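The structure under discussion appears below in the form of structure tokens.
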Amino acid sequence: MHAMWRGSVSFGLVNIPVRLYKATDTGGIHFRQLHKACRTPISYKKFCPRCHVDLSQDEIVRGFEYARGEFAVVEDEELDAFQGRRGETIDLVQFADAGDIDPVLFQGAYYLAPEASGKKAYRLLWQALRASGRVGVARMTLRSAESLALVRASDADGNVLEVHALAWPEDVRSTAELPYVQEAVAVDAHELEVAETLIRQLTKPFVPDEYRDESRVRLEAWIAERRGEAEAKTKGAEASGEVVDLMEALKKSLELAKQDAKPREAKRKKRKTS
């Protein structure tokens, strides 16, 4: 992995030198835009519409619009001086229960790894968070933008500290303008009972490895077919019939859940008697 940031985690009077790594990689298949006539990838140029010239990177500066059409230029050195130490530090400012943080705030996910000199302090923080069942709330700066962050101890793939960037509360859009969600709708008691039963039937421990990107698999197979590297393979049959109403859909879902649960129950009984 390539570290995207080096700095430290500030934990009270403890300073832990760390490196930050992106936790997810979208990967997959990416389409490129081509010139239809010759199938050459098109290029994007940085262009000044006023001067009518293409720009090189050293001709581009950062700025903000303080009035319509009026910009103030901010040099990199000025921004670094303004951010100061915070630009290199994840400052843990409090601890909280993870359930207190609305998932709508979650943005990017990252891994923290210690520098050689910070291994012991890193492990101390991980164990303290793990034992307390708490998460750390921090301020951090990435790509010149300050944000809130959640720091938590994970043992899903090693004893790692994870960082989740959080949106600022004022940046979360209001739900007031969403259609229909504010309307009072009567829910049938029997429908609710069936829905709750369905939820119980489908409840089991969440294991991420049980899921895969089926859309990517189908797309890769289709591309392989287009390239002549594989035969087209079709799986399954199209479902027939229409769902009559909400209750009918719930009942059908419940029946499918029961059928799916029978093989798992049989396997558990078989293991107990062996």
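By convention here, the chains of the structure tokens are called A, B, ... in the order presented, each chain's residues are numbered starting at 1, and ligands are numbered starting at 1 in the order presented.
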
>> If we count only C-alpha atoms and set the cut-off at 9 Å, which residues sit around A:Asp97, ignoring sequence neighbours fewer than 6 positions away in its own chain? Please answer as number ranges by chain.
In response: A: 133-136

Write a file of the selected residues as a compact mmCIF listing (two decimals), in the first residue's frame, keeping N, CA, C and O atoms.
# COMPACT_ATOMS: atom_id res chain seq x y z
N GLY A 133 -14.86 -0.16 24.57
CA GLY A 133 -16.00 -0.20 23.67
C GLY A 133 -16.35 1.16 23.09
O GLY A 133 -17.45 1.37 22.58
N ARG A 134 -15.42 2.10 23.18
CA ARG A 134 -15.65 3.46 22.70
C ARG A 134 -14.93 3.70 21.37
O ARG A 134 -14.07 2.93 20.95
N VAL A 135 -15.29 4.79 20.75
CA VAL A 135 -14.58 5.27 19.57
C VAL A 135 -14.07 6.68 19.85
O VAL A 135 -14.62 7.39 20.70
N GLY A 136 -13.02 7.06 19.18
CA GLY A 136 -12.49 8.41 19.34
C GLY A 136 -13.07 9.35 18.30
O GLY A 136 -13.23 8.97 17.14

>> Which of stretch 58-163 of chain A end up as strand (DSSP E) when DSSP is run on this backbone - answer as a PyMOL selection string?
In response: chain A and resi 62-67+70-74+89-97+106-114+134-142+145-154+160-163

Please, could you write that set of residues out with C-alpha atoms as a short mmCIF file (atom, residue, chain, number, x, y, z; two decimals), in the first residue's frame?
data_model
loop_
_atom_site.label_atom_id
_atom_site.label_comp_id
_atom_site.auth_asym_id
_atom_site.auth_seq_id
_atom_site.Cartn_x
_atom_site.Cartn_y
_atom_site.Cartn_z
CA ARG A 62 -5.62 27.89 -5.73
CA GLY A 63 -8.19 30.53 -4.87
CA PHE A 64 -11.63 31.18 -3.42
CA GLU A 65 -14.47 33.35 -4.70
CA TYR A 66 -15.23 36.02 -2.08
CA ALA A 67 -17.63 37.93 -4.38
CA GLU A 70 -13.79 38.11 -7.63
CA PHE A 71 -11.13 35.67 -6.41
CA ALA A 72 -8.43 35.74 -3.77
CA VAL A 73 -5.37 33.60 -4.48
CA VAL A 74 -4.07 31.35 -1.70
CA THR A 89 -2.18 15.62 13.26
CA ILE A 90 -5.31 13.63 13.98
CA ASP A 91 -6.40 15.26 17.25
CA LEU A 92 -8.60 13.02 19.41
CA VAL A 93 -10.87 15.51 21.15
CA GLN A 94 -13.34 13.15 22.86
CA PHE A 95 -14.57 9.56 23.09
CA ALA A 96 -18.12 8.30 22.56
CA ASP A 97 -20.30 5.27 21.92
CA PHE A 106 -19.66 8.59 7.42
CA GLN A 107 -17.50 9.37 4.39
CA GLY A 108 -14.11 7.88 3.47
CA ALA A 109 -12.55 4.95 5.37
CA TYR A 110 -8.83 4.67 6.12
CA TYR A 111 -6.34 2.49 7.97
CA LEU A 112 -3.75 3.82 10.39
CA ALA A 113 -0.41 2.10 10.76
CA PRO A 114 2.31 3.15 13.20
CA ARG A 134 -15.65 3.46 22.70
CA VAL A 135 -14.58 5.27 19.57
CA GLY A 136 -12.49 8.41 19.34
CA VAL A 137 -13.83 11.60 17.78
CA ALA A 138 -11.07 13.61 16.15
CA ARG A 139 -10.26 16.59 13.98
CA MET A 140 -8.03 15.92 10.98
CA THR A 141 -6.98 17.61 7.77
CA LEU A 142 -6.75 15.76 4.47
CA ALA A 145 -9.70 20.24 4.08
CA GLU A 146 -10.38 19.87 7.80
CA SER A 147 -13.00 17.33 8.83
CA LEU A 148 -14.30 15.42 11.78
CA ALA A 149 -13.19 11.81 12.03
CA LEU A 150 -14.02 8.68 13.95
CA VAL A 151 -11.14 6.48 15.15
CA ARG A 152 -12.01 2.94 16.14
CA ALA A 153 -10.24 -0.30 17.03
CA SER A 154 -10.92 -3.10 14.55
CA VAL A 160 -5.85 -2.14 13.27
CA LEU A 161 -6.94 1.40 14.04
CA GLU A 162 -9.45 2.58 11.46
CA VAL A 163 -10.34 6.17 10.63
#

Please produce, as JSON lines, a per-residue contact table for stretch 41-60 of chain A versus stretch 11-35 of chain A (criterion: any atom at most 9 Å away, only C-alpha atoms considered), showing the nearest atom pair and its distance in Å to one decimal, sorted by chain then residue number.
{"residue": "A:Pro41", "atom": "CA", "partner": "A:Leu34", "partner_atom": "CA", "distance": 4.3}
{"residue": "A:Ile42", "atom": "CA", "partner": "A:Leu34", "partner_atom": "CA", "distance": 5.4}
{"residue": "A:Ser43", "atom": "CA", "partner": "A:Gln33", "partner_atom": "CA", "distance": 8.9}

Name the residues in contact with A:Thr197 at a cut-off of 12 Å, using only C-alpha atoms, excluding same-chain residues fewer than 2 positions from it; report them as a PDB file with all heavy atoms, in the first residue's frame.
ATOM      1  N   HIS A 190     -51.470  -6.541  11.021  1.00  0.00           N
ATOM      2  CA  HIS A 190     -51.108  -7.876  10.541  1.00  0.00           C
ATOM      3  C   HIS A 190     -49.918  -7.802   9.588  1.00  0.00           C
ATOM      4  O   HIS A 190     -49.015  -8.641   9.628  1.00  0.00           O
ATOM      5  CB  HIS A 190     -52.309  -8.530   9.856  1.00  0.00           C
ATOM      6  CG  HIS A 190     -52.056  -9.956   9.448  1.00  0.00           C
ATOM      7  ND1 HIS A 190     -51.452 -10.885  10.288  1.00  0.00           N
ATOM      8  CD2 HIS A 190     -52.326 -10.615   8.286  1.00  0.00           C
ATOM      9  CE1 HIS A 190     -51.363 -12.055   9.666  1.00  0.00           C
ATOM     10  NE2 HIS A 190     -51.878 -11.907   8.448  1.00  0.00           N
ATOM     11  N   GLU A 191     -49.908  -6.790   8.720  1.00  0.00           N
ATOM     12  CA  GLU A 191     -48.772  -6.598   7.816  1.00  0.00           C
ATOM     13  C   GLU A 191     -47.490  -6.357   8.611  1.00  0.00           C
ATOM     14  O   GLU A 191     -46.421  -6.869   8.263  1.00  0.00           O
ATOM     15  CB  GLU A 191     -49.034  -5.429   6.869  1.00  0.00           C
ATOM     16  CG  GLU A 191     -50.102  -5.701   5.837  1.00  0.00           C
ATOM     17  CD  GLU A 191     -50.371  -4.498   4.952  1.00  0.00           C
ATOM     18  OE1 GLU A 191     -49.957  -3.380   5.320  1.00  0.00           O
ATOM     19  OE2 GLU A 191     -51.009  -4.681   3.905  1.00  0.00           O
ATOM     20  N   LEU A 192     -47.611  -5.559   9.678  1.00  0.00           N
ATOM     21  CA  LEU A 192     -46.448  -5.283  10.512  1.00  0.00           C
ATOM     22  C   LEU A 192     -45.939  -6.562  11.172  1.00  0.00           C
ATOM     23  O   LEU A 192     -44.725  -6.795  11.245  1.00  0.00           O
ATOM     24  CB  LEU A 192     -46.805  -4.244  11.575  1.00  0.00           C
ATOM     25  CG  LEU A 192     -45.700  -3.861  12.554  1.00  0.00           C
ATOM     26  CD1 LEU A 192     -44.497  -3.284  11.810  1.00  0.00           C
ATOM     27  CD2 LEU A 192     -46.215  -2.866  13.594  1.00  0.00           C
ATOM     28  N   GLU A 193     -46.850  -7.387  11.641  1.00  0.00           N
ATOM     29  CA  GLU A 193     -46.451  -8.638  12.286  1.00  0.00           C
ATOM     30  C   GLU A 193     -45.716  -9.552  11.310  1.00  0.00           C
ATOM     31  O   GLU A 193     -44.684 -10.150  11.642  1.00  0.00           O
ATOM     32  CB  GLU A 193     -47.690  -9.351  12.825  1.00  0.00           C
ATOM     33  CG  GLU A 193     -47.374 -10.670  13.542  1.00  0.00           C
ATOM     34  CD  GLU A 193     -48.629 -11.378  14.017  1.00  0.00           C
ATOM     35  OE1 GLU A 193     -49.729 -10.795  13.923  1.00  0.00           O
ATOM     36  OE2 GLU A 193     -48.502 -12.529  14.478  1.00  0.00           O
ATOM     37  N   VAL A 194     -46.235  -9.648  10.081  1.00  0.00           N
ATOM     38  CA  VAL A 194     -45.583 -10.487   9.066  1.00  0.00           C
ATOM     39  C   VAL A 194     -44.209  -9.911   8.709  1.00  0.00           C
ATOM     40  O   VAL A 194     -43.238 -10.654   8.539  1.00  0.00           O
ATOM     41  CB  VAL A 194     -46.464 -10.606   7.808  1.00  0.00           C
ATOM     42  CG1 VAL A 194     -45.736 -11.386   6.716  1.00  0.00           C
ATOM     43  CG2 VAL A 194     -47.778 -11.304   8.152  1.00  0.00           C
ATOM     44  N   ALA A 195     -44.121  -8.591   8.593  1.00  0.00           N
ATOM     45  CA  ALA A 195     -42.836  -7.965   8.265  1.00  0.00           C
ATOM     46  C   ALA A 195     -41.806  -8.227   9.354  1.00  0.00           C
ATOM     47  O   ALA A 195     -40.635  -8.522   9.080  1.00  0.00           O
ATOM     48  CB  ALA A 195     -43.022  -6.454   8.072  1.00  0.00           C
ATOM     49  N   ILE A 199     -38.247 -10.295   9.142  1.00  0.00           N
ATOM     50  CA  ILE A 199     -36.956  -9.774   9.599  1.00  0.00           C
ATOM     51  C   ILE A 199     -36.268 -10.784  10.509  1.00  0.00           C
ATOM     52  O   ILE A 199     -35.059 -11.027  10.396  1.00  0.00           O
ATOM     53  CB  ILE A 199     -37.159  -8.424  10.325  1.00  0.00           C
ATOM     54  CG1 ILE A 199     -37.535  -7.338   9.312  1.00  0.00           C
ATOM     55  CG2 ILE A 199     -35.888  -8.019  11.079  1.00  0.00           C
ATOM     56  CD1 ILE A 199     -37.923  -6.019   9.935  1.00  0.00           C
ATOM     57  N   ARG A 200     -37.041 -11.394  11.417  1.00  0.00           N
ATOM     58  CA  ARG A 200     -36.449 -12.400  12.305  1.00  0.00           C
ATOM     59  C   ARG A 200     -35.921 -13.595  11.515  1.00  0.00           C
ATOM     60  O   ARG A 200     -34.854 -14.132  11.809  1.00  0.00           O
ATOM     61  CB  ARG A 200     -37.474 -12.850  13.343  1.00  0.00           C
ATOM     62  CG  ARG A 200     -37.773 -11.816  14.415  1.00  0.00           C
ATOM     63  CD  ARG A 200     -38.532 -12.421  15.588  1.00  0.00           C
ATOM     64  NE  ARG A 200     -39.857 -12.892  15.192  1.00  0.00           N
ATOM     65  CZ  ARG A 200     -40.947 -12.133  15.226  1.00  0.00           C
ATOM     66  NH1 ARG A 200     -40.879 -10.879  15.629  1.00  0.00           N
ATOM     67  NH2 ARG A 200     -42.115 -12.633  14.864  1.00  0.00           N
ATOM     68  N   GLN A 201     -36.682 -14.017  10.503  1.00  0.00           N
ATOM     69  CA  GLN A 201     -36.274 -15.167   9.692  1.00  0.00           C
ATOM     70  C   GLN A 201     -34.971 -14.894   8.934  1.00  0.00           C
ATOM     71  O   GLN A 201     -34.156 -15.783   8.741  1.00  0.00           O
ATOM     72  CB  GLN A 201     -37.377 -15.523   8.687  1.00  0.00           C
ATOM     73  CG  GLN A 201     -38.595 -16.178   9.301  1.00  0.00           C
ATOM     74  CD  GLN A 201     -38.334 -17.628   9.681  1.00  0.00           C
ATOM     75  OE1 GLN A 201     -37.380 -18.235   9.234  1.00  0.00           O
ATOM     76  NE2 GLN A 201     -39.195 -18.173  10.530  1.00  0.00           N
ATOM     77  N   LEU A 202     -34.797 -13.649   8.495  1.00  0.00           N
ATOM     78  CA  LEU A 202     -33.625 -13.306   7.687  1.00  0.00           C
ATOM     79  C   LEU A 202     -32.464 -12.762   8.516  1.00  0.00           C
ATOM     80  O   LEU A 202     -31.438 -12.377   7.961  1.00  0.00           O
ATOM     81  CB  LEU A 202     -34.010 -12.260   6.633  1.00  0.00           C
ATOM     82  CG  LEU A 202     -34.995 -12.736   5.560  1.00  0.00           C
ATOM     83  CD1 LEU A 202     -35.345 -11.596   4.619  1.00  0.00           C
ATOM     84  CD2 LEU A 202     -34.413 -13.911   4.779  1.00  0.00           C
ATOM     85  N   THR A 203     -32.621 -12.731   9.827  1.00  0.00           N
ATOM     86  CA  THR A 203     -31.560 -12.212  10.690  1.00  0.00           C
ATOM     87  C   THR A 203     -30.505 -13.271  10.944  1.00  0.00           C
ATOM     88  O   THR A 203     -30.811 -14.396  11.341  1.00  0.00           O
ATOM     89  CB  THR A 203     -32.140 -11.733  12.029  1.00  0.00           C
ATOM     90  OG1 THR A 203     -33.055 -10.654  11.794  1.00  0.00           O
ATOM     91  CG2 THR A 203     -31.027 -11.238  12.958  1.00  0.00           C
ATOM     92  N   LEU A 250     -44.839  -9.796   1.268  1.00  0.00           N
ATOM     93  CA  LEU A 250     -44.279 -10.181   2.562  1.00  0.00           C
ATOM     94  C   LEU A 250     -44.405 -11.681   2.783  1.00  0.00           C
ATOM     95  O   LEU A 250     -43.480 -12.344   3.243  1.00  0.00           O
ATOM     96  CB  LEU A 250     -44.996  -9.415   3.682  1.00  0.00           C
ATOM     97  CG  LEU A 250     -44.681  -7.917   3.799  1.00  0.00           C
ATOM     98  CD1 LEU A 250     -45.668  -7.244   4.739  1.00  0.00           C
ATOM     99  CD2 LEU A 250     -43.253  -7.704   4.279  1.00  0.00           C
ATOM    100  N   LYS A 251     -45.582 -12.247   2.457  1.00  0.00           N
ATOM    101  CA  LYS A 251     -45.795 -13.677   2.646  1.00  0.00           C
ATOM    102  C   LYS A 251     -44.857 -14.507   1.774  1.00  0.00           C
ATOM    103  O   LYS A 251     -44.295 -15.518   2.215  1.00  0.00           O
ATOM    104  CB  LYS A 251     -47.254 -14.036   2.340  1.00  0.00           C
ATOM    105  CG  LYS A 251     -48.250 -13.547   3.398  1.00  0.00           C
ATOM    106  CD  LYS A 251     -49.666 -13.926   3.027  1.00  0.00           C
ATOM    107  CE  LYS A 251     -50.654 -13.499   4.104  1.00  0.00           C
ATOM    108  NZ  LYS A 251     -52.051 -13.829   3.745  1.00  0.00           N
ATOM    109  N   SER A 253     -41.952 -13.557   0.604  1.00  0.00           N
ATOM    110  CA  SER A 253     -40.602 -13.393   1.136  1.00  0.00           C
ATOM    111  C   SER A 253     -40.392 -14.262   2.363  1.00  0.00           C
ATOM    112  O   SER A 253     -39.333 -14.873   2.549  1.00  0.00           O
ATOM    113  CB  SER A 253     -40.346 -11.921   1.494  1.00  0.00           C
ATOM    114  OG  SER A 253     -40.461 -11.109   0.364  1.00  0.00           O
ATOM    115  N   LEU A 254     -41.403 -14.326   3.226  1.00  0.00           N
ATOM    116  CA  LEU A 254     -41.321 -15.130   4.438  1.00  0.00           C
ATOM    117  C   LEU A 254     -41.197 -16.606   4.098  1.00  0.00           C
ATOM    118  O   LEU A 254     -40.410 -17.334   4.709  1.00  0.00           O
ATOM    119  CB  LEU A 254     -42.556 -14.887   5.308  1.00  0.00           C
ATOM    120  CG  LEU A 254     -42.601 -15.592   6.668  1.00  0.00           C
ATOM    121  CD1 LEU A 254     -41.387 -15.209   7.506  1.00  0.00           C
ATOM    122  CD2 LEU A 254     -43.877 -15.228   7.400  1.00  0.00           C
ATOM    123  N   GLU A 255     -41.962 -17.057   3.117  1.00  0.00           N
ATOM    124  CA  GLU A 255     -41.898 -18.461   2.710  1.00  0.00           C
ATOM    125  C   GLU A 255     -40.521 -18.804   2.148  1.00  0.00           C
ATOM    126  O   GLU A 255     -39.939 -19.847   2.452  1.00  0.00           O
ATOM    127  CB  GLU A 255     -42.970 -18.741   1.651  1.00  0.00           C
ATOM    128  CG  GLU A 255     -43.084 -20.204   1.251  1.00  0.00           C
ATOM    129  CD  GLU A 255     -43.453 -21.110   2.422  1.00  0.00           C
ATOM    130  OE1 GLU A 255     -44.175 -20.654   3.321  1.00  0.00           O
ATOM    131  OE2 GLU A 255     -42.988 -22.268   2.425  1.00  0.00           O
ATOM    132  N   ALA A 257     -37.759 -17.294   2.926  1.00  0.00           N
ATOM    133  CA  ALA A 257     -36.821 -17.278   4.051  1.00  0.00           C
ATOM    134  C   ALA A 257     -36.889 -18.581   4.821  1.00  0.00           C
ATOM    135  O   ALA A 257     -35.862 -19.114   5.255  1.00  0.00           O
ATOM    136  CB  ALA A 257     -37.134 -16.096   4.976  1.00  0.00           C
ATOM    137  N   LYS A 258     -38.104 -19.120   5.007  1.00  0.00           N
ATOM    138  CA  LYS A 258     -38.255 -20.394   5.713  1.00  0.00           C
ATOM    139  C   LYS A 258     -37.590 -21.530   4.930  1.00  0.00           C
ATOM    140  O   LYS A 258     -36.926 -22.393   5.493  1.00  0.00           O
ATOM    141  CB  LYS A 258     -39.737 -20.700   5.932  1.00  0.00           C
ATOM    142  CG  LYS A 258     -40.415 -19.815   6.964  1.00  0.00           C
ATOM    143  CD  LYS A 258     -41.890 -20.176   7.102  1.00  0.00           C
ATOM    144  CE  LYS A 258     -42.576 -19.311   8.153  1.00  0.00           C
ATOM    145  NZ  LYS A 258     -44.011 -19.623   8.267  1.00  0.00           N
TER     146      LYS A 258
END

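Separating atom CA of A:Asp157 from atom CA of A:Leu125 is a distance of 17.1 Å.
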